[in-house]
Amino acid sequence: MLRRLYDRTIALAEHRHALWALAAVSFVESSVFPIPPDVLMIPMILARPRRAWLIAGVALVASVLGGLLGYAIGAFFFDSIGQPILQAMGKADAMAQFNQKFNDFGFWAVLAAGVTPFPYKVITIMSGWTGMPLGTFVATSILARAIRFFILAGLLRIFGAPIKDFIERRLGLVFTLLVLLLAGGFFLLRYL
């Protein structure tokens with residue numbers, strides 16, 4: 001079953017509309033979708049290593065544009081829904097203090113979320129919610145996502161053939177490790 005899923009993913013990565021699919025996933029992942037673009041990016045680069053930089057560029061542009069949607073969600077829906085709830089609970093002052101603290105460290109929060117597996121959408125929405133300066137948000141998002149996507153693309157372009165061979169020979173082990181990493185990430189987010 002895993003072999004068929006792997007082969008299908010590689011075949012989809014070679015499809016003529018794969019870049020559009022990657023752009024769509026990268027866009028929605030930055031604001032609402034839980035699956036990171038790496039799921040498409042990795043097989044796309046393994047299937048066509050010469051297109052690694054193009055693939056990373058598409059993921060970068062779409063991800064930053066999706067981040068702007070996340071920012072807008074935080075900026076516009078907080079005022080209409082979140083603020084009245086906080087005022088009714090007597091927590092509006094506490095939220096103002098949180099906003100200031102987040103914005104003091106906002107550059108680092110956006111950078112860390114953009115580079116690491118931490119859900120980038122959480123930071124994009126919080127950035128809009130707290131009123132982080134849009135220029136800071138955009139510049140940091142571009143930097144963070146470029147670091148993440150272009151390093152991944154470079155590593156896969158250089159070491160792609162051995163990585164692909166390793167994955168194909170040990171598909172069950174690789175799948176198990178990925179599931180454990182994903183579950184561990186969700187556990188850390190929930191309990192830390």
# chains A, B, ... in the order shown; residues from 1 in each chain; ligands from 1
call {"tool": "residues_around", "arguments": {"residues": "A:Leu111", "least_positions_apart": "4", "cutoff": "7 Å", "atoms": "only C-alpha atoms", "output": "tab-separated table (two decimals) with N, CA and C atoms, in the first residue's frame"}}
result
chain	number	residue	atom	x	y	z
A	107	PHE	N	9.33	39.68	14.96
A	107	PHE	CA	10.30	39.29	13.92
A	107	PHE	C	10.77	37.87	14.17
A	115	VAL	N	10.60	29.02	9.33
A	115	VAL	CA	11.71	28.11	9.03
A	115	VAL	C	11.46	26.72	9.60
A	140	THR	N	9.96	39.53	6.97
A	140	THR	CA	10.37	38.35	7.75
A	140	THR	C	9.82	37.07	7.14
A	141	SER	N	8.60	37.12	6.63
A	141	SER	CA	8.02	35.95	5.98
A	141	SER	C	8.83	35.55	4.75
A	144	ALA	N	12.16	34.03	6.04
A	144	ALA	CA	11.98	32.72	6.68
A	144	ALA	C	11.61	31.63	5.68
call {"tool": "closest_residue", "arguments": {"among": "A:Tyr120, A:Trp129, A:Phe166, A:Phe105", "to": "A:Ile35", "atoms": "only C-alpha atoms"}}
result
A:Tyr120
call {"tool": "atom_distance", "arguments": {"atom1": "atom CA of A:Leu152", "atom2": "atom CA of A:Ile42"}}
result
8.1 Å
call {"tool": "atom_distance", "arguments": {"atom1": "atom CA of A:Ile125", "atom2": "atom CA of A:Ser31"}}
result
7.0 Å
call {"tool": "residues_around", "arguments": {"residues": "A:Ile142", "least_positions_apart": "2", "cutoff": "9 Å", "atoms": "only C-alpha atoms", "output": "PDB file with N, CA and C atoms, in the first residue's frame"}}
result
ATOM      1  N   LEU A  60       7.704  29.593  -2.182  1.00  0.00           N
ATOM      2  CA  LEU A  60       7.971  30.841  -1.451  1.00  0.00           C
ATOM      3  C   LEU A  60       6.922  31.903  -1.751  1.00  0.00           C
ATOM      4  N   VAL A  61       6.714  32.196  -3.021  1.00  0.00           N
ATOM      5  CA  VAL A  61       5.773  33.261  -3.397  1.00  0.00           C
ATOM      6  C   VAL A  61       4.354  32.931  -2.914  1.00  0.00           C
ATOM      7  N   SER A  63       3.438  30.896  -0.543  1.00  0.00           N
ATOM      8  CA  SER A  63       3.379  30.849   0.913  1.00  0.00           C
ATOM      9  C   SER A  63       3.296  32.251   1.511  1.00  0.00           C
ATOM     10  N   VAL A  64       4.070  33.182   0.994  1.00  0.00           N
ATOM     11  CA  VAL A  64       4.033  34.555   1.509  1.00  0.00           C
ATOM     12  C   VAL A  64       2.681  35.199   1.187  1.00  0.00           C
ATOM     13  N   GLY A 114       8.398  30.411  10.271  1.00  0.00           N
ATOM     14  CA  GLY A 114       8.585  30.267   8.827  1.00  0.00           C
ATOM     15  C   GLY A 114       9.630  29.253   8.448  1.00  0.00           C
ATOM     16  N   PHE A 137       6.233  42.027   8.898  1.00  0.00           N
ATOM     17  CA  PHE A 137       5.673  40.699   8.658  1.00  0.00           C
ATOM     18  C   PHE A 137       6.071  40.164   7.285  1.00  0.00           C
ATOM     19  N   VAL A 138       5.900  40.975   6.255  1.00  0.00           N
ATOM     20  CA  VAL A 138       6.192  40.529   4.891  1.00  0.00           C
ATOM     21  C   VAL A 138       7.683  40.234   4.725  1.00  0.00           C
ATOM     22  N   ALA A 139       8.532  41.158   5.181  1.00  0.00           N
ATOM     23  CA  ALA A 139       9.983  40.965   5.029  1.00  0.00           C
ATOM     24  C   ALA A 139      10.453  39.712   5.757  1.00  0.00           C
ATOM     25  N   THR A 140       9.965  39.525   6.974  1.00  0.00           N
ATOM     26  CA  THR A 140      10.369  38.350   7.751  1.00  0.00           C
ATOM     27  C   THR A 140       9.821  37.074   7.139  1.00  0.00           C
ATOM     28  N   ALA A 144      12.158  34.030   6.044  1.00  0.00           N
ATOM     29  CA  ALA A 144      11.981  32.718   6.682  1.00  0.00           C
ATOM     30  C   ALA A 144      11.606  31.634   5.678  1.00  0.00           C
ATOM     31  N   ARG A 145      10.636  31.924   4.827  1.00  0.00           N
ATOM     32  CA  ARG A 145      10.207  30.916   3.875  1.00  0.00           C
ATOM     33  C   ARG A 145      11.282  30.648   2.813  1.00  0.00           C
ATOM     34  N   ALA A 146      12.033  31.669   2.435  1.00  0.00           N
ATOM     35  CA  ALA A 146      13.137  31.460   1.488  1.00  0.00           C
ATOM     36  C   ALA A 146      14.187  30.550   2.100  1.00  0.00           C
ATOM     37  N   ILE A 147      14.537  30.796   3.358  1.00  0.00           N
ATOM     38  CA  ILE A 147      15.511  29.930   4.034  1.00  0.00           C
ATOM     39  C   ILE A 147      15.013  28.490   4.021  1.00  0.00           C
TER      40      ILE A 147
END
call {"tool": "residues_around", "arguments": {"residues": "A:Met126", "least_positions_apart": "3", "cutoff": "9 Å", "atoms": "only C-alpha atoms", "output": "ChimeraX atom specification"}}
result
/A:70-71,74-75,99,102,121-123,129-132
call {"tool": "write_last_selection", "arguments": {"atoms": "N, CA and C atoms", "output": "mmCIF file, in the first residue's frame"}}
result
data_model
loop_
_atom_site.group_PDB
_atom_site.id
_atom_site.type_symbol
_atom_site.label_atom_id
_atom_site.label_comp_id
_atom_site.auth_asym_id
_atom_site.auth_seq_id
_atom_site.Cartn_x
_atom_site.Cartn_y
_atom_site.Cartn_z
ATOM 1 N N GLY A 70 -3.565 35.002 5.921
ATOM 2 C CA GLY A 70 -3.603 34.719 7.356
ATOM 3 C C GLY A 70 -3.538 35.993 8.185
ATOM 4 N N TYR A 71 -2.678 36.907 7.774
ATOM 5 C CA TYR A 71 -2.566 38.198 8.441
ATOM 6 C C TYR A 71 -3.912 38.931 8.409
ATOM 7 N N GLY A 74 -6.441 37.439 10.815
ATOM 8 C CA GLY A 74 -6.192 37.911 12.178
ATOM 9 C C GLY A 74 -6.572 39.364 12.368
ATOM 10 N N ALA A 75 -6.279 40.189 11.379
ATOM 11 C CA ALA A 75 -6.549 41.627 11.500
ATOM 12 C C ALA A 75 -8.042 41.942 11.462
ATOM 13 N N ASN A 99 -0.423 41.721 22.978
ATOM 14 C CA ASN A 99 -0.121 42.260 21.651
ATOM 15 C C ASN A 99 1.235 42.935 21.633
ATOM 16 N N PHE A 102 4.031 40.301 21.911
ATOM 17 C CA PHE A 102 4.184 39.559 20.662
ATOM 18 C C PHE A 102 4.895 40.414 19.625
ATOM 19 N N LYS A 121 0.802 29.173 9.884
ATOM 20 C CA LYS A 121 -0.504 29.830 9.881
ATOM 21 C C LYS A 121 -0.838 30.446 11.230
ATOM 22 N N VAL A 122 -0.396 29.837 12.318
ATOM 23 C CA VAL A 122 -0.652 30.396 13.658
ATOM 24 C C VAL A 122 -0.007 31.772 13.779
ATOM 25 N N ILE A 123 1.220 31.882 13.317
ATOM 26 C CA ILE A 123 1.945 33.152 13.405
ATOM 27 C C ILE A 123 1.377 34.174 12.419
ATOM 28 N N TRP A 129 -3.604 39.776 14.008
ATOM 29 C CA TRP A 129 -4.399 39.976 15.223
ATOM 30 C C TRP A 129 -3.750 40.998 16.142
ATOM 31 N N THR A 130 -2.433 40.925 16.280
ATOM 32 C CA THR A 130 -1.729 41.829 17.195
ATOM 33 C C THR A 130 -1.332 43.147 16.543
ATOM 34 N N GLY A 131 -1.570 43.268 15.246
ATOM 35 C CA GLY A 131 -1.236 44.507 14.556
ATOM 36 C C GLY A 131 0.251 44.679 14.295
ATOM 37 N N MET A 132 0.964 43.571 14.102
ATOM 38 C CA MET A 132 2.381 43.673 13.743
ATOM 39 C C MET A 132 2.497 44.526 12.481
#
call {"tool": "residues_around", "arguments": {"residues": "A:Ala56", "least_positions_apart": "4", "cutoff": "8 Å", "atoms": "only C-alpha atoms", "output": "ChimeraX atom specification"}}
result
/A:41,52,60,146,149-150,153
call {"tool": "residues_around", "arguments": {"residues": "stretch 154-161 of chain A", "least_positions_apart": "2", "cutoff": "7 Å", "atoms": "only C-alpha atoms", "output": "PyMOL selection string"}}
result
chain A and resi 45-46+49+52+150-152+163-165
call {"tool": "closest_residue", "arguments": {"among": "A:Gly106, A:Lys101, A:Met44, A:Val32", "to": "A:Trp20", "atoms": "only C-alpha atoms"}}
result
A:Met44
call {"tool": "closest_residue", "arguments": {"among": "A:Val110, A:Thr124, A:Phe76, A:Asn103", "to": "A:Val28", "atoms": "only C-alpha atoms"}}
result
A:Thr124
call {"tool": "closest_residue", "arguments": {"among": "A:Phe33, A:Phe27, A:Gly128, A:Arg51", "to": "A:Ala13", "atoms": "only C-alpha atoms"}}
result
A:Arg51
call {"tool": "closest_residue", "arguments": {"among": "A:Ala18, A:Gly57, A:Pro162, A:Arg148", "to": "A:Ala112", "atoms": "only C-alpha atoms"}}
result
A:Arg148
call {"tool": "decode", "arguments": {"residues": "stretch 48-67 of chain A", "atoms": "N, CA, C and O atoms", "output": "compact mmCIF listing (two decimals), in the first residue's frame"}}
result
# COMPACT_ATOMS: atom_id res chain seq x y z
N ARG A 48 12.27 15.83 -10.38
CA ARG A 48 12.92 16.74 -11.35
C ARG A 48 13.90 17.66 -10.62
O ARG A 48 13.60 18.84 -10.39
N PRO A 49 15.07 17.17 -10.26
CA PRO A 49 16.03 17.96 -9.50
C PRO A 49 16.46 19.26 -10.17
O PRO A 49 16.79 20.23 -9.50
N ARG A 50 16.45 19.30 -11.49
CA ARG A 50 16.88 20.51 -12.20
C ARG A 50 15.90 21.68 -11.99
O ARG A 50 16.25 22.82 -12.23
N ARG A 51 14.69 21.36 -11.56
CA ARG A 51 13.68 22.40 -11.32
C ARG A 51 13.60 22.78 -9.85
O ARG A 51 12.65 23.45 -9.43
N ALA A 52 14.58 22.40 -9.05
CA ALA A 52 14.54 22.62 -7.60
C ALA A 52 14.33 24.09 -7.25
O ALA A 52 13.52 24.43 -6.38
N TRP A 53 15.06 24.99 -7.93
CA TRP A 53 14.96 26.42 -7.58
C TRP A 53 13.60 26.99 -7.98
O TRP A 53 13.03 27.81 -7.28
N LEU A 54 13.09 26.56 -9.12
CA LEU A 54 11.76 27.00 -9.55
C LEU A 54 10.70 26.53 -8.56
O LEU A 54 9.81 27.29 -8.16
N ILE A 55 10.79 25.28 -8.16
CA ILE A 55 9.84 24.70 -7.21
C ILE A 55 9.89 25.46 -5.89
O ILE A 55 8.85 25.83 -5.33
N ALA A 56 11.09 25.73 -5.39
CA ALA A 56 11.23 26.48 -4.14
C ALA A 56 10.68 27.90 -4.30
O ALA A 56 10.04 28.43 -3.39
N GLY A 57 10.91 28.51 -5.45
CA GLY A 57 10.41 29.87 -5.70
C GLY A 57 8.89 29.93 -5.71
O GLY A 57 8.29 30.85 -5.16
N VAL A 58 8.26 28.95 -6.35
CA VAL A 58 6.80 28.89 -6.38
C VAL A 58 6.26 28.72 -4.97
O VAL A 58 5.31 29.41 -4.55
N ALA A 59 6.86 27.82 -4.20
CA ALA A 59 6.42 27.62 -2.81
C ALA A 59 6.60 28.90 -1.99
O ALA A 59 5.73 29.26 -1.19
N LEU A 60 7.70 29.59 -2.18
CA LEU A 60 7.97 30.84 -1.45
C LEU A 60 6.92 31.90 -1.75
O LEU A 60 6.31 32.46 -0.84
N VAL A 61 6.71 32.20 -3.02
CA VAL A 61 5.77 33.26 -3.40
C VAL A 61 4.35 32.93 -2.91
O VAL A 61 3.68 33.76 -2.30
N ALA A 62 3.91 31.71 -3.18
CA ALA A 62 2.55 31.33 -2.77
C ALA A 62 2.41 31.33 -1.26
O ALA A 62 1.36 31.73 -0.73
N SER A 63 3.44 30.90 -0.54
CA SER A 63 3.38 30.85 0.91
C SER A 63 3.30 32.25 1.51
O SER A 63 2.52 32.50 2.44
N VAL A 64 4.07 33.18 0.99
CA VAL A 64 4.03 34.56 1.51
C VAL A 64 2.68 35.20 1.19
O VAL A 64 2.10 35.89 2.03
N LEU A 65 2.16 34.96 -0.02
CA LEU A 65 0.83 35.49 -0.35
C LEU A 65 -0.24 34.88 0.56
O LEU A 65 -1.15 35.58 1.03
N GLY A 66 -0.13 33.58 0.84
CA GLY A 66 -1.05 32.94 1.77
C GLY A 66 -0.90 33.49 3.18
O GLY A 66 -1.86 33.61 3.93
N GLY A 67 0.34 33.83 3.54
CA GLY A 67 0.59 34.46 4.83
C GLY A 67 -0.13 35.79 4.95
O GLY A 67 -0.62 36.15 6.03
